>>> print(open('run_22.csv').read())   # CSV, C-alpha atoms
chain,number,residue,atom,x,y,z
A,973,MET,CA,3.9,-42.8,22.8
A,974,ILE,CA,3.0,-39.6,20.8
A,975,LYS,CA,3.8,-41.5,17.5
A,976,GLU,CA,1.5,-44.4,18.6
A,977,ASN,CA,-1.3,-41.9,19.5
A,978,CYS,CA,-1.0,-40.2,16.1
A,979,LYS,CA,-1.3,-43.6,14.4
A,980,LEU,CA,-4.4,-44.4,16.4
A,981,ALA,CA,-5.9,-41.0,15.6
A,982,ILE,CA,-5.3,-41.4,11.9
A,983,ILE,CA,-6.9,-45.0,12.0
A,984,SER,CA,-9.9,-43.5,13.7
A,985,ILE,CA,-10.2,-40.7,11.2
A,986,LYS,CA,-10.0,-43.1,8.3
A,987,ALA,CA,-12.7,-45.3,9.8
A,988,ASN,CA,-15.1,-42.3,9.8
A,989,LYS,CA,-14.0,-40.3,6.8
A,990,MET,CA,-17.3,-38.4,6.1
A,991,ARG,CA,-17.8,-37.6,9.8
A,992,ALA,CA,-14.2,-36.4,10.1
A,993,PHE,CA,-14.5,-34.3,6.9
A,994,LEU,CA,-17.7,-32.6,8.2
A,995,THR,CA,-16.0,-32.0,11.5
A,996,MET,CA,-13.1,-30.3,9.6
A,997,LEU,CA,-15.4,-28.2,7.5
A,998,GLY,CA,-15.8,-25.4,10.0
A,999,ILE,CA,-12.0,-25.3,10.5
A,1000,ILE,CA,-11.4,-25.3,6.7
A,1001,ILE,CA,-13.9,-22.5,6.1
A,1002,GLY,CA,-12.5,-20.4,9.0
A,1003,VAL,CA,-8.8,-20.7,8.0
A,1004,CYS,CA,-9.7,-20.3,4.3
A,1005,ALA,CA,-11.5,-17.0,5.0
A,1006,VAL,CA,-8.8,-15.6,7.3
A,1007,ILE,CA,-6.0,-16.4,4.8
A,1008,ALA,CA,-7.9,-15.1,1.8
A,1009,ILE,CA,-8.8,-11.8,3.6
A,1010,MET,CA,-5.3,-11.2,4.9
A,1011,THR,CA,-3.9,-11.9,1.4
A,1012,VAL,CA,-6.2,-9.4,-0.2
A,1013,GLY,CA,-5.6,-6.9,2.6
A,1014,ASN,CA,-1.8,-7.2,2.5
A,1015,SER,CA,-1.8,-6.9,-1.3
A,1016,MET,CA,-3.9,-3.8,-1.2
A,1017,THR,CA,-1.8,-2.3,1.6
A,1018,ALA,CA,1.5,-3.1,-0.2
A,1019,ASP,CA,0.4,-1.7,-3.6
A,1020,VAL,CA,-1.0,1.5,-2.1
A,1021,LYS,CA,2.1,2.0,0.0
A,1022,LYS,CA,4.3,1.5,-3.1
A,1023,GLN,CA,2.2,4.0,-5.0
A,1024,LEU,CA,2.5,6.6,-2.3
A,1025,GLU,CA,6.3,5.9,-2.0
A,1026,GLY,CA,6.5,6.6,-5.7
A,1027,TYR,CA,5.6,10.2,-5.0
A,1028,GLY,CA,8.5,10.5,-2.6
A,1029,VAL,CA,8.7,9.3,1.0
A,1030,GLN,CA,10.7,12.4,2.0
A,1031,ASN,CA,8.3,14.9,0.2
A,1032,ILE,CA,6.5,17.5,2.4
A,1033,THR,CA,3.6,19.4,0.8
A,1034,VAL,CA,3.5,23.0,2.1
A,1035,TYR,CA,0.4,25.2,1.4
A,1036,VAL,CA,-1.6,28.2,2.5
A,1037,ASN,CA,-5.4,27.9,2.9
A,1038,PRO,CA,-8.2,30.1,4.2
A,1039,ILE,CA,-9.3,29.2,7.7
A,1040,ASP,CA,-12.9,29.7,6.7
A,1041,TRP,CA,-13.5,28.7,3.1
A,1042,GLU,CA,-16.9,30.4,3.1
A,1043,ALA,CA,-15.4,33.8,4.0
A,1044,ASP,CA,-15.1,36.5,1.3
A,1045,ILE,CA,-11.6,36.6,-0.1
A,1046,THR,CA,-10.4,39.8,-1.9
A,1047,GLU,CA,-7.7,40.3,-4.4
A,1048,ALA,CA,-5.5,41.7,-1.6
A,1049,ASP,CA,-6.1,38.5,0.4
A,1050,TYR,CA,-5.0,36.4,-2.5
A,1051,GLN,CA,-1.7,38.3,-2.6
A,1052,ASN,CA,-1.3,37.6,1.1
A,1053,MET,CA,-1.8,33.9,0.5
A,1054,ARG,CA,1.1,33.6,-1.9
A,1055,LEU,CA,4.2,31.7,-1.0
A,1056,ARG,CA,6.9,34.2,-2.1
A,1057,PRO,CA,10.3,33.1,-3.3
A,1058,GLU,CA,12.1,35.1,-0.6
A,1059,VAL,CA,10.1,33.2,2.1
A,1060,LEU,CA,11.2,29.9,0.6
A,1061,HIS,CA,14.8,31.2,0.4
A,1062,LYS,CA,14.7,32.0,4.1
A,1063,LEU,CA,13.1,28.6,4.8
A,1064,SER,CA,16.0,26.9,3.0
A,1065,GLU,CA,18.5,28.9,5.0
A,1066,LYS,CA,16.7,28.1,8.3
A,1067,PHE,CA,16.7,24.3,7.9
A,1068,GLY,CA,19.9,24.1,5.9
A,1069,LYS,CA,21.0,20.5,5.4
A,1070,LYS,CA,17.7,19.1,6.6
A,1071,ILE,CA,16.3,20.1,3.2
A,1072,SER,CA,17.7,18.7,-0.1
A,1073,GLY,CA,15.4,20.7,-2.4
A,1074,ILE,CA,12.2,22.8,-2.8
A,1075,SER,CA,9.9,22.1,-5.7
A,1076,VAL,CA,7.7,24.8,-7.2
A,1077,GLU,CA,5.7,24.3,-10.3
A,1078,SER,CA,3.5,26.5,-12.6
A,1079,GLN,CA,1.0,24.6,-14.7
A,1080,MET,CA,0.2,26.2,-18.0
A,1081,GLU,CA,-2.6,25.3,-20.5
A,1082,THR,CA,-2.3,22.1,-22.4
A,1083,GLY,CA,-0.4,22.7,-25.6
A,1084,THR,CA,0.0,21.0,-28.9
A,1085,VAL,CA,3.0,20.3,-31.1
A,1086,VAL,CA,2.4,19.8,-34.8
A,1087,LYS,CA,4.9,18.2,-37.3
A,1088,GLU,CA,4.3,16.7,-40.7
A,1089,GLY,CA,0.6,16.2,-40.0
A,1090,LYS,CA,1.2,14.7,-36.6
A,1091,THR,CA,-0.3,16.5,-33.5
A,1092,VAL,CA,0.9,15.7,-30.1
A,1093,ASN,CA,-0.6,17.0,-26.8
A,1094,VAL,CA,1.7,18.2,-24.1
A,1095,ASN,CA,1.4,19.8,-20.6
A,1096,VAL,CA,3.8,22.7,-20.4
A,1097,THR,CA,5.0,23.1,-16.8
A,1098,GLY,CA,7.3,25.6,-15.3
A,1099,THR,CA,9.6,24.1,-12.7
A,1100,SER,CA,12.1,25.0,-10.0
A,1101,ALA,CA,15.4,23.1,-9.6
A,1102,GLY,CA,14.0,20.9,-6.8
A,1103,TYR,CA,11.1,19.7,-8.9
A,1104,TYR,CA,13.0,16.8,-10.5
A,1105,LYS,CA,14.2,15.4,-7.2
A,1106,ALA,CA,10.7,15.7,-5.6
A,1107,ASN,CA,9.0,14.0,-8.6
A,1108,LYS,CA,11.8,11.5,-9.4
A,1109,VAL,CA,12.2,12.7,-13.0
A,1110,LYS,CA,15.0,10.6,-14.6
A,1111,LEU,CA,17.1,12.4,-17.2
A,1112,ILE,CA,18.4,10.1,-19.9
A,1113,ASN,CA,19.9,12.5,-22.4
A,1114,GLY,CA,21.3,16.1,-22.3
A,1115,ASN,CA,21.3,18.2,-19.2
A,1116,SER,CA,19.0,19.9,-16.7
A,1117,PHE,CA,18.5,23.6,-16.6
A,1118,ASN,CA,21.5,25.7,-15.4
A,1119,GLU,CA,21.3,28.5,-12.9
A,1120,PHE,CA,21.3,31.1,-15.7
A,1121,ASP,CA,18.2,29.4,-17.2
A,1122,TYR,CA,16.4,29.6,-13.9
A,1123,THR,CA,17.5,33.2,-13.2
A,1124,MET,CA,16.8,34.7,-16.6
A,1125,GLY,CA,13.8,32.5,-17.5
A,1126,ASN,CA,15.3,31.2,-20.8
A,1127,ASN,CA,13.1,29.4,-23.2
A,1128,THR,CA,14.8,26.0,-22.7
A,1129,ALA,CA,12.9,22.7,-22.3
A,1130,ILE,CA,13.2,19.2,-21.1
A,1131,ILE,CA,11.0,16.8,-23.0
A,1132,SER,CA,10.2,13.1,-22.7
A,1133,ASP,CA,11.3,10.1,-24.8
A,1134,LYS,CA,7.6,9.2,-25.3
A,1135,PHE,CA,6.9,12.7,-26.8
A,1136,ILE,CA,9.8,12.1,-29.3
A,1137,GLU,CA,8.4,8.7,-30.2
A,1138,GLN,CA,4.9,10.1,-30.7
A,1139,LEU,CA,6.2,13.0,-32.9
A,1140,TYR,CA,9.1,11.4,-34.8
A,1141,GLY,CA,8.6,7.6,-34.5
A,1142,LYS,CA,10.4,4.8,-32.7
A,1143,GLU,CA,13.4,4.9,-35.1
A,1144,PHE,CA,14.3,8.5,-34.3
A,1145,LYS,CA,17.3,8.9,-31.9
A,1146,PRO,CA,16.3,11.1,-29.0
A,1147,GLU,CA,19.7,12.7,-28.7
A,1148,ASN,CA,19.4,14.1,-32.2
A,1149,LEU,CA,16.8,16.6,-30.9
A,1150,LEU,CA,19.1,18.1,-28.3
A,1151,GLY,CA,19.8,21.8,-29.1
A,1152,LYS,CA,16.9,21.9,-31.6
A,1153,GLU,CA,13.9,24.2,-31.3
A,1154,ILE,CA,10.3,23.1,-31.1
A,1155,GLU,CA,7.2,25.3,-31.3
A,1156,ILE,CA,4.4,24.7,-28.9
A,1157,ASN,CA,0.9,26.1,-29.4
A,1158,VAL,CA,-0.4,27.1,-25.9
A,1159,GLY,CA,-3.8,28.6,-26.1
A,1160,GLU,CA,-3.7,31.2,-28.8
A,1161,GLN,CA,0.0,31.9,-28.4
A,1162,TYR,CA,3.2,30.1,-29.6
A,1163,LEU,CA,6.1,29.2,-27.3
A,1164,ASN,CA,9.4,28.4,-29.0
A,1165,VAL,CA,11.7,26.4,-26.8
A,1166,THR,CA,15.2,24.9,-27.2
A,1167,VAL,CA,15.5,21.2,-26.1
A,1168,VAL,CA,18.4,20.8,-23.6
A,1169,GLY,CA,17.4,17.5,-21.9
A,1170,ILE,CA,15.3,14.4,-22.4
A,1171,TYR,CA,13.7,12.4,-19.5
A,1172,HIS,CA,12.3,8.9,-19.4
A,1173,TYR,CA,8.4,8.8,-19.4
A,1174,GLU,CA,6.9,6.4,-17.0
A,1175,GLN,CA,3.2,5.5,-17.7
A,1176,GLU,CA,0.8,5.4,-14.7
A,1177,GLY,CA,-1.9,2.8,-15.2
A,1178,SER,CA,-3.5,2.0,-18.6
A,1179,VAL,CA,-4.4,4.6,-21.2
A,1180,ARG,CA,-7.4,4.1,-23.5
A,1181,GLY,CA,-6.6,4.4,-27.2
A,1182,GLY,CA,-2.9,3.5,-26.8
A,1183,ASN,CA,0.0,5.8,-27.1
A,1184,LYS,CA,-1.9,8.4,-29.2
A,1185,ASN,CA,-3.8,9.6,-26.2
A,1186,ILE,CA,-0.8,10.0,-23.9
A,1187,THR,CA,-0.1,13.6,-22.9
A,1188,THR,CA,3.4,14.1,-21.6
A,1189,ASN,CA,5.0,16.9,-19.7
A,1190,VAL,CA,7.3,19.5,-21.3
A,1191,TYR,CA,9.3,21.2,-18.5
A,1192,ILE,CA,10.6,24.8,-18.8
A,1193,PRO,CA,12.2,27.0,-16.1
A,1194,LEU,CA,9.8,28.4,-13.6
A,1195,LYS,CA,10.6,32.0,-14.5
A,1196,ALA,CA,10.1,31.3,-18.2
A,1197,ALA,CA,6.5,30.1,-17.4
A,1198,TRP,CA,5.9,33.2,-15.4
A,1199,ASN,CA,7.2,35.4,-18.2
A,1200,PHE,CA,4.8,33.7,-20.6
A,1201,THR,CA,1.7,33.8,-18.3
A,1202,HIS,CA,2.6,37.1,-16.6
A,1203,MET,CA,1.6,35.4,-13.3
A,1204,GLU,CA,4.2,35.1,-10.6
A,1205,GLU,CA,2.3,33.4,-7.9
A,1206,PHE,CA,2.0,30.0,-6.2
A,1207,PHE,CA,0.2,28.8,-3.1
A,1208,GLU,CA,1.8,25.4,-2.7
A,1209,CYS,CA,5.3,23.9,-2.9
A,1210,THR,CA,7.0,20.6,-2.1
A,1211,VAL,CA,9.9,20.5,0.3
A,1212,VAL,CA,12.2,17.4,0.0
A,1213,ALA,CA,13.6,16.3,3.3
A,1214,ALA,CA,17.2,15.1,3.2
A,1215,GLU,CA,18.0,11.4,3.6
A,1216,GLY,CA,17.9,10.3,7.2
A,1217,VAL,CA,15.7,13.3,8.3
A,1218,ASN,CA,12.3,12.4,9.7
A,1219,ALA,CA,9.9,14.0,7.2
A,1220,ALA,CA,6.9,14.0,9.6
A,1221,GLU,CA,8.8,15.9,12.3
A,1222,LEU,CA,10.3,18.3,9.7
A,1223,SER,CA,6.8,19.1,8.3
A,1224,GLU,CA,5.7,20.3,11.8
A,1225,GLN,CA,8.8,22.4,12.2
A,1226,ILE,CA,8.3,24.0,8.7
A,1227,LYS,CA,4.6,24.7,9.6
A,1228,GLU,CA,5.6,26.4,12.8
A,1229,TYR,CA,8.3,28.5,11.1
A,1230,LEU,CA,6.2,29.7,8.2
A,1231,THR,CA,3.3,30.5,10.4
A,1232,GLU,CA,5.6,32.8,12.4
A,1233,ALA,CA,7.4,34.2,9.3
A,1234,MET,CA,4.2,34.9,7.4
A,1235,ALA,CA,2.2,36.1,10.4
A,1236,ASN,CA,1.6,39.6,9.1
A,1237,ASN,CA,0.2,38.3,5.8
A,1238,LEU,CA,-1.8,35.4,7.2
A,1239,GLY,CA,-3.6,37.5,9.8
A,1240,ASP,CA,-6.7,35.7,11.1
A,1241,LYS,CA,-7.9,34.6,7.7
A,1242,PHE,CA,-5.3,32.1,6.5
A,1243,MET,CA,-3.2,29.3,7.8
A,1244,VAL,CA,-0.1,27.4,6.8
A,1245,GLY,CA,-0.4,23.7,6.4
A,1246,ALA,CA,2.2,21.0,5.9
A,1247,TYR,CA,2.0,17.2,5.6
A,1248,SER,CA,4.5,14.6,4.6
A,1249,ASN,CA,4.1,11.5,2.4
A,1250,GLN,CA,5.8,9.6,5.2
A,1251,SER,CA,3.0,10.3,7.7
A,1252,MET,CA,0.4,9.6,5.0
A,1253,ILE,CA,2.0,6.2,4.3
A,1254,GLU,CA,2.1,5.3,8.0
A,1255,GLU,CA,-1.5,6.4,8.6
A,1256,ASN,CA,-2.7,4.6,5.5
A,1257,THR,CA,-0.8,1.4,6.3
A,1258,LYS,CA,-2.1,1.5,9.9
A,1259,THR,CA,-5.7,2.0,8.9
A,1260,MET,CA,-5.6,-0.7,6.2
A,1261,ASN,CA,-4.0,-3.2,8.6
A,1262,GLN,CA,-6.6,-2.4,11.2
A,1263,MET,CA,-9.4,-3.0,8.7
A,1264,THR,CA,-7.8,-6.3,7.6
A,1265,MET,CA,-7.4,-7.5,11.1
A,1266,ALA,CA,-11.0,-6.5,12.0
A,1267,ILE,CA,-12.5,-8.4,9.1
A,1268,SER,CA,-10.1,-11.4,9.7
A,1269,MET,CA,-11.4,-11.5,13.3
A,1270,ILE,CA,-14.9,-11.7,12.1
A,1271,ALA,CA,-13.9,-14.5,9.7
A,1272,ALA,CA,-12.2,-16.3,12.6
A,1273,ILE,CA,-15.6,-16.8,14.3
A,1274,ALA,CA,-16.0,-19.7,11.9
A,1275,LEU,CA,-12.9,-21.3,13.6
A,1276,ILE,CA,-14.7,-21.1,16.9
A,1277,VAL,CA,-17.8,-22.7,15.4
A,1278,GLY,CA,-15.5,-25.3,13.9
A,1279,GLY,CA,-13.9,-25.9,17.3
A,1280,ILE,CA,-17.3,-26.5,18.8
A,1281,GLY,CA,-18.0,-29.1,16.1
A,1282,VAL,CA,-14.7,-30.8,17.0
A,1283,MET,CA,-15.8,-31.0,20.6
A,1284,ASN,CA,-19.1,-32.4,19.7
A,1285,ILE,CA,-17.7,-35.1,17.4
A,1286,MET,CA,-15.0,-36.1,19.9
A,1287,THR,CA,-17.8,-36.5,22.6
A,1288,VAL,CA,-19.7,-38.8,20.2
A,1289,SER,CA,-16.5,-40.7,19.3
A,1290,ILE,CA,-15.7,-41.3,23.0
A,1291,THR,CA,-19.2,-42.5,23.6
A,1292,GLU,CA,-18.9,-45.0,20.7
A,1293,ARG,CA,-15.5,-46.2,22.0
A,1294,THR,CA,-16.3,-46.5,25.6
A,1295,ARG,CA,-15.6,-50.3,25.7
A,1296,GLU,CA,-12.2,-49.7,23.9
A,1297,ILE,CA,-11.3,-47.1,26.6
A,1298,GLY,CA,-12.4,-49.6,29.3
A,1299,THR,CA,-10.2,-52.3,27.8
A,1300,ARG,CA,-7.2,-50.1,27.5
A,1301,LYS,CA,-7.6,-48.9,31.1
A,1302,ALA,CA,-8.1,-52.5,32.3
A,1303,LEU,CA,-4.8,-53.4,30.6
A,1304,GLY,CA,-3.0,-50.7,32.6
A,1305,ALA,CA,-3.1,-47.6,30.3
A,1306,PRO,CA,-2.7,-44.5,32.6
A,1307,ASP,CA,-5.3,-41.7,32.4
A,1308,SER,CA,-2.7,-39.4,30.8
A,1309,MET,CA,-2.3,-41.8,27.9
A,1310,ILE,CA,-6.0,-42.0,27.3
A,1311,MET,CA,-6.3,-38.3,27.5
A,1312,LEU,CA,-3.4,-37.7,25.1
A,1313,GLN,CA,-4.9,-40.2,22.6
A,1314,PHE,CA,-8.1,-38.2,22.2
A,1315,ILE,CA,-6.4,-34.7,22.3
A,1316,SER,CA,-4.0,-36.0,19.6
A,1317,GLU,CA,-7.0,-37.0,17.5
A,1318,ALA,CA,-8.6,-33.6,17.9
A,1319,ILE,CA,-5.4,-31.8,17.0
A,1320,ILE,CA,-4.8,-33.9,13.9
A,1321,ILE,CA,-8.4,-33.3,12.7
A,1322,CYS,CA,-7.9,-29.5,13.2
A,1323,LEU,CA,-4.4,-29.6,11.7
A,1324,ILE,CA,-5.6,-31.4,8.5
A,1325,GLY,CA,-8.5,-29.0,8.3
A,1326,GLY,CA,-6.1,-26.1,8.8
A,1327,VAL,CA,-3.8,-27.2,6.0
A,1328,ILE,CA,-6.7,-27.6,3.6
A,1329,GLY,CA,-8.0,-24.2,4.6
A,1330,ILE,CA,-4.6,-22.6,4.0
A,1331,VAL,CA,-4.3,-24.0,0.5
A,1332,LEU,CA,-7.9,-23.0,-0.4
A,1333,GLY,CA,-7.3,-19.5,1.2
A,1334,LEU,CA,-4.2,-18.9,-0.8
A,1335,VAL,CA,-5.9,-19.9,-4.0
A,1336,LEU,CA,-9.0,-17.8,-3.4
A,1337,GLY,CA,-6.9,-14.8,-2.1
A,1338,ASN,CA,-4.6,-14.8,-5.2
A,1339,VAL,CA,-7.6,-15.1,-7.6
A,1340,ALA,CA,-9.4,-12.2,-5.8
A,1341,VAL,CA,-6.2,-10.1,-5.9
A,1342,HIS,CA,-5.7,-10.9,-9.6
A,1343,PHE,CA,-9.2,-9.7,-10.5
A,1344,MET,CA,-8.8,-6.6,-8.4
A,1345,GLY,CA,-5.6,-5.7,-10.3
A,1346,TYR,CA,-3.1,-5.9,-7.3
A,1347,THR,CA,0.2,-7.7,-6.9
A,1348,PRO,CA,-0.3,-10.7,-4.6
A,1349,HIS,CA,1.4,-10.5,-1.2
A,1350,ILE,CA,1.0,-13.6,0.8
A,1351,SER,CA,1.1,-13.2,4.6
A,1352,ILE,CA,3.5,-15.8,6.0
A,1353,ALA,CA,2.5,-14.7,9.5
A,1354,SER,CA,-1.2,-15.5,8.8
A,1355,ILE,CA,-0.2,-19.0,7.7
A,1356,TYR,CA,1.7,-19.6,10.9
A,1357,LEU,CA,-1.1,-18.0,12.9
A,1358,SER,CA,-3.7,-20.2,11.2
A,1359,VAL,CA,-1.7,-23.4,11.8
A,1360,GLY,CA,-1.1,-22.5,15.5
A,1361,PHE,CA,-4.7,-21.5,16.0
A,1362,SER,CA,-5.9,-24.7,14.5
A,1363,MET,CA,-3.8,-26.7,16.9
A,1364,ALA,CA,-4.8,-24.6,19.8
A,1365,ILE,CA,-8.5,-25.2,18.9
A,1366,GLY,CA,-7.8,-28.9,18.8
A,1367,VAL,CA,-6.3,-28.8,22.3
A,1368,PHE,CA,-8.9,-26.5,23.8
A,1369,PHE,CA,-12.0,-28.2,22.4
A,1370,GLY,CA,-10.5,-31.7,22.6
A,1371,TYR,CA,-9.5,-31.3,26.3
A,1372,SER,CA,-13.0,-31.7,27.8
A,1373,PRO,CA,-14.0,-34.9,25.9
A,1374,ALA,CA,-10.5,-36.3,26.5
A,1375,LYS,CA,-10.7,-35.5,30.2
A,1376,HIS,CA,-14.1,-37.3,30.3
A,1377,ALA,CA,-12.6,-40.4,28.6
A,1378,ALA,CA,-9.6,-40.4,31.0
A,1379,ASN,CA,-11.9,-40.3,34.1
A,1380,MET,CA,-14.0,-43.2,33.0
A,1381,ASN,CA,-14.3,-46.2,35.4
A,1382,PRO,CA,-12.9,-49.2,33.6
A,1383,ILE,CA,-15.5,-51.6,35.0
A,1384,ASP,CA,-18.4,-49.3,34.0
A,1385,ALA,CA,-16.8,-48.8,30.6
A,1386,LEU,CA,-16.4,-52.5,30.0
A,1387,ARG,CA,-20.1,-53.1,30.9
A,1388,TYR,CA,-21.2,-50.3,28.5
A,1389,GLU,CA,-23.4,-51.4,25.6
>>> encode(input="run_22.csv", output="C-alpha cells")
Amino acid sequence: MIKENCKLAIISIKANKMRAFLTMLGIIIGVCAVIAIMTVGNSMTADVKKQLEGYGVQNITVYVNPIDWEADITEADYQNMRLRPEVLHKLSEKFGKKISGISVESQMETGTVVKEGKTVNVNVTGTSAGYYKANKVKLINGNSFNEFDYTMGNNTAIISDKFIEQLYGKEFKPENLLGKEIEINVGEQYLNVTVVGIYHYEQEGSVRGGNKNITTNVYIPLKAAWNFTHMEEFFECTVVAAEGVNAAELSEQIKEYLTEAMANNLGDKFMVGAYSNQSMIEENTKTMNQMTMAISMIAAIALIVGGIGVMNIMTVSITERTREIGTRKALGAPDSMIMLQFISEAIIICLIGGVIGIVLGLVLGNVAVHFMGYTPHISIASIYLSVGFSMAIGVFFGYSPAKHAANMNPIDALRYE
C-alpha cells in the first residue's frame, strides 16, 4: 500500500513539476542554509580546537598579576611578584606524579648569526627542562641539555634544522654541526654557544618573503640566559599535567597552593592565576557550538516557511482532485488510505527538497570553508537531522490537508465541479 501511494505521489509531482519545485524551494533553502552554516561552524571549531591542542592539552599556565592594574607598583613589589625557583621546586614536590614537567623561559633580544655573507635572525630563549615537553619541541639530532648544563648555565645550544638550512644551505647535513660553536650577536654583545642538539622546525601559517624572513628559536639553558642578561626573574610558567590527570582540576589546586605558599609576598596587591588549555578548549568548543546552533536555528525558520508552503500546495492539490478522492472513496478506499496517500505526497516533496538542499548546502559550505582557509568538517549529524526534519515537516504540514481529504463525503466529492 505504501509503495502504491508513493507511486501515486510521484505521478502527481511529475504532473505539476513547476508547482512542486516552487513548493520545495522553501525546504531547499532552509536545509541548504542549515547544512552550510553547520559545515562552516564545525570546520572553524575543529581547526581552532586543533590549534589549541597544539599548545598542549595538559598545559597549565601559572602567573602572578596585580589585583589592581592601576595601583602604583614599586621595585620591591616587582620582587614580590616573582615566581621563585624554590617555590616551583616545592610545587613539584607537593603534586608529585600529577606533574610531568614545569616550563620556564627567558626571552632575550632577537639576535643575528652571520656566516659567509649570510645573515640569519634568531630568537635566543633560555629554557628549563620542562620547556620541550610543554611546547612539543621534537629533537631530531644530538641531545637535550644535561643536568650540569642547567645547573652551571653552560653556553650550550639547541638549534633548528631550518636555521641550518638558512645558514648553510639544503645540502648541508645538520649532524655535522653538532659540537661546533656558533656566534650570536645579541644587542651589542656576542654570545658563543656550542651546538648539542637540533630540533625540527614547524612553521605556523604562511610567511611573507619565503624562508628568508623566518626567525627560528635558539634554545640555551635557563641559567645561561640569566647569566647573560643578569636578570633572574620570571612572573609566569607552564606546568604540564601528567597523562590521565584532569588539567582543569589541577590548575585550581595549583592556584590554591601557590596563593597560600606565597601569601606573605602577595599581600593584598597581587594574586596567583592559573588556567589550563583543556578548560580553554572546552569553553571555546562550547561557545562556538552554541553560536553555530543559534545561527542554524535562525536558518531553520526557512524550513517552517517551506512547510507552510507545502500545506498550502497540498490544500490546492486536494481541491483540484476532489472528484478523484470521491471516486476512490466510492470504490471502497478507506479514510486511512486517502489520508496516507496525501501525507506520502507531502513527505516525498519535502524529502526531495531536503536531498537537494543537503547537496547544495555541502557544496556552499565547503566553498565557504575553502575561502576562509579552514579544513572542511562535514557534520553527519546535521545531514540526518535535516532529512528527519524534512520528513517531519511533510507529516506535520501534510496532515491537515490529508485529514480534510479523508473526511470528504464521497457523494459531495463526486458532484464537485
>>> atom_distance(input="run_22.csv", atom1="CA of Thr1187 (chain A)", atom2="CA of Lys1021 (chain A)")
25.8 Å
>>> residues_around(input="run_22.csv", residues="Ala1101 (chain A)", least_positions_apart="4", cutoff="12 Å", atoms="only C-alpha atoms", output="list in words")
Ser1072, Gly1073, Ile1074, Ser1075, Val1076, Glu1077, Lys1105, Ala1106, Asn1107, Val1109, Ser1116, Phe1117, Asn1118, Glu1119, Phe1120, Asp1121, Tyr1122, Thr1123, Tyr1191, Ile1192, Pro1193, Leu1194, Lys1195, Thr1210, Val1211 and Val1212 of chain A
>>> closest_atom_pairs(input="run_22.csv", of="region 1181-1246 of chain A", to="region 1037-1058 of chain A", cutoff="12 Å", atoms="all atoms listed in the file", output="Markdown table")
| residue | atom | partner | partner_atom | distance |
| --- | --- | --- | --- | --- |
| A:Leu1194 | CA | A:Pro1057 | CA | 11.3 |
| A:Lys1195 | CA | A:Pro1057 | CA | 11.3 |
| A:Met1203 | CA | A:Arg1054 | CA | 11.6 |
| A:Glu1204 | CA | A:Arg1056 | CA | 9.0 |
| A:Glu1205 | CA | A:Arg1054 | CA | 6.1 |
| A:Phe1206 | CA | A:Arg1054 | CA | 5.7 |
| A:Phe1207 | CA | A:Arg1054 | CA | 5.0 |
| A:Glu1208 | CA | A:Leu1055 | CA | 7.0 |
| A:Cys1209 | CA | A:Leu1055 | CA | 8.1 |
| A:Thr1210 | CA | A:Leu1055 | CA | 11.5 |
| A:Leu1230 | CA | A:Leu1055 | CA | 9.6 |
| A:Thr1231 | CA | A:Leu1055 | CA | 11.5 |
| A:Ala1233 | CA | A:Glu1058 | CA | 11.0 |
| A:Met1234 | CA | A:Asn1052 | CA | 8.8 |
| A:Ala1235 | CA | A:Asn1052 | CA | 10.0 |
| A:Asn1236 | CA | A:Asn1052 | CA | 8.7 |
| A:Asn1237 | CA | A:Asn1052 | CA | 5.0 |
| A:Leu1238 | CA | A:Asn1052 | CA | 6.5 |
| A:Gly1239 | CA | A:Asn1052 | CA | 9.0 |
| A:Asp1240 | CA | A:Ile1039 | CA | 7.8 |
| A:Lys1241 | CA | A:Ile1039 | CA | 5.6 |
| A:Phe1242 | CA | A:Pro1038 | CA | 4.2 |
| A:Met1243 | CA | A:Asn1037 | CA | 5.6 |
| A:Val1244 | CA | A:Asn1037 | CA | 6.6 |
| A:Gly1245 | CA | A:Asn1037 | CA | 7.4 |
| A:Ala1246 | CA | A:Asn1037 | CA | 10.7 |
>>> atom_distance(input="run_22.csv", atom1="CA of Ile1032 (chain A)", atom2="CA of Ser1248 (chain A)")
4.2 Å
>>> residues_around(input="run_22.csv", residues="Thr1166 (chain A)", least_positions_apart="6", cutoff="6 Å", atoms="all atoms listed in the file", output="PyMOL selection string")
chain A and resi 1128-1129+1151-1153
>>> closest_residue(input="run_22.csv", among="A:Ile1330, A:Cys1322, A:Lys1069, A:Tyr1171", to="Gly1278 (chain A)", atoms="only C-alpha atoms")
A:Cys1322
>>> atom_distance(input="run_22.csv", atom1="CA of Val1167 (chain A)", atom2="CA of Ile1131 (chain A)")
7.0 Å
>>> closest_residue(input="run_22.csv", among="A:Glu1215, A:Glu1224, A:Asp1307, A:Glu1254", to="Val1034 (chain A)", atoms="all atoms listed in the file")
A:Glu1224
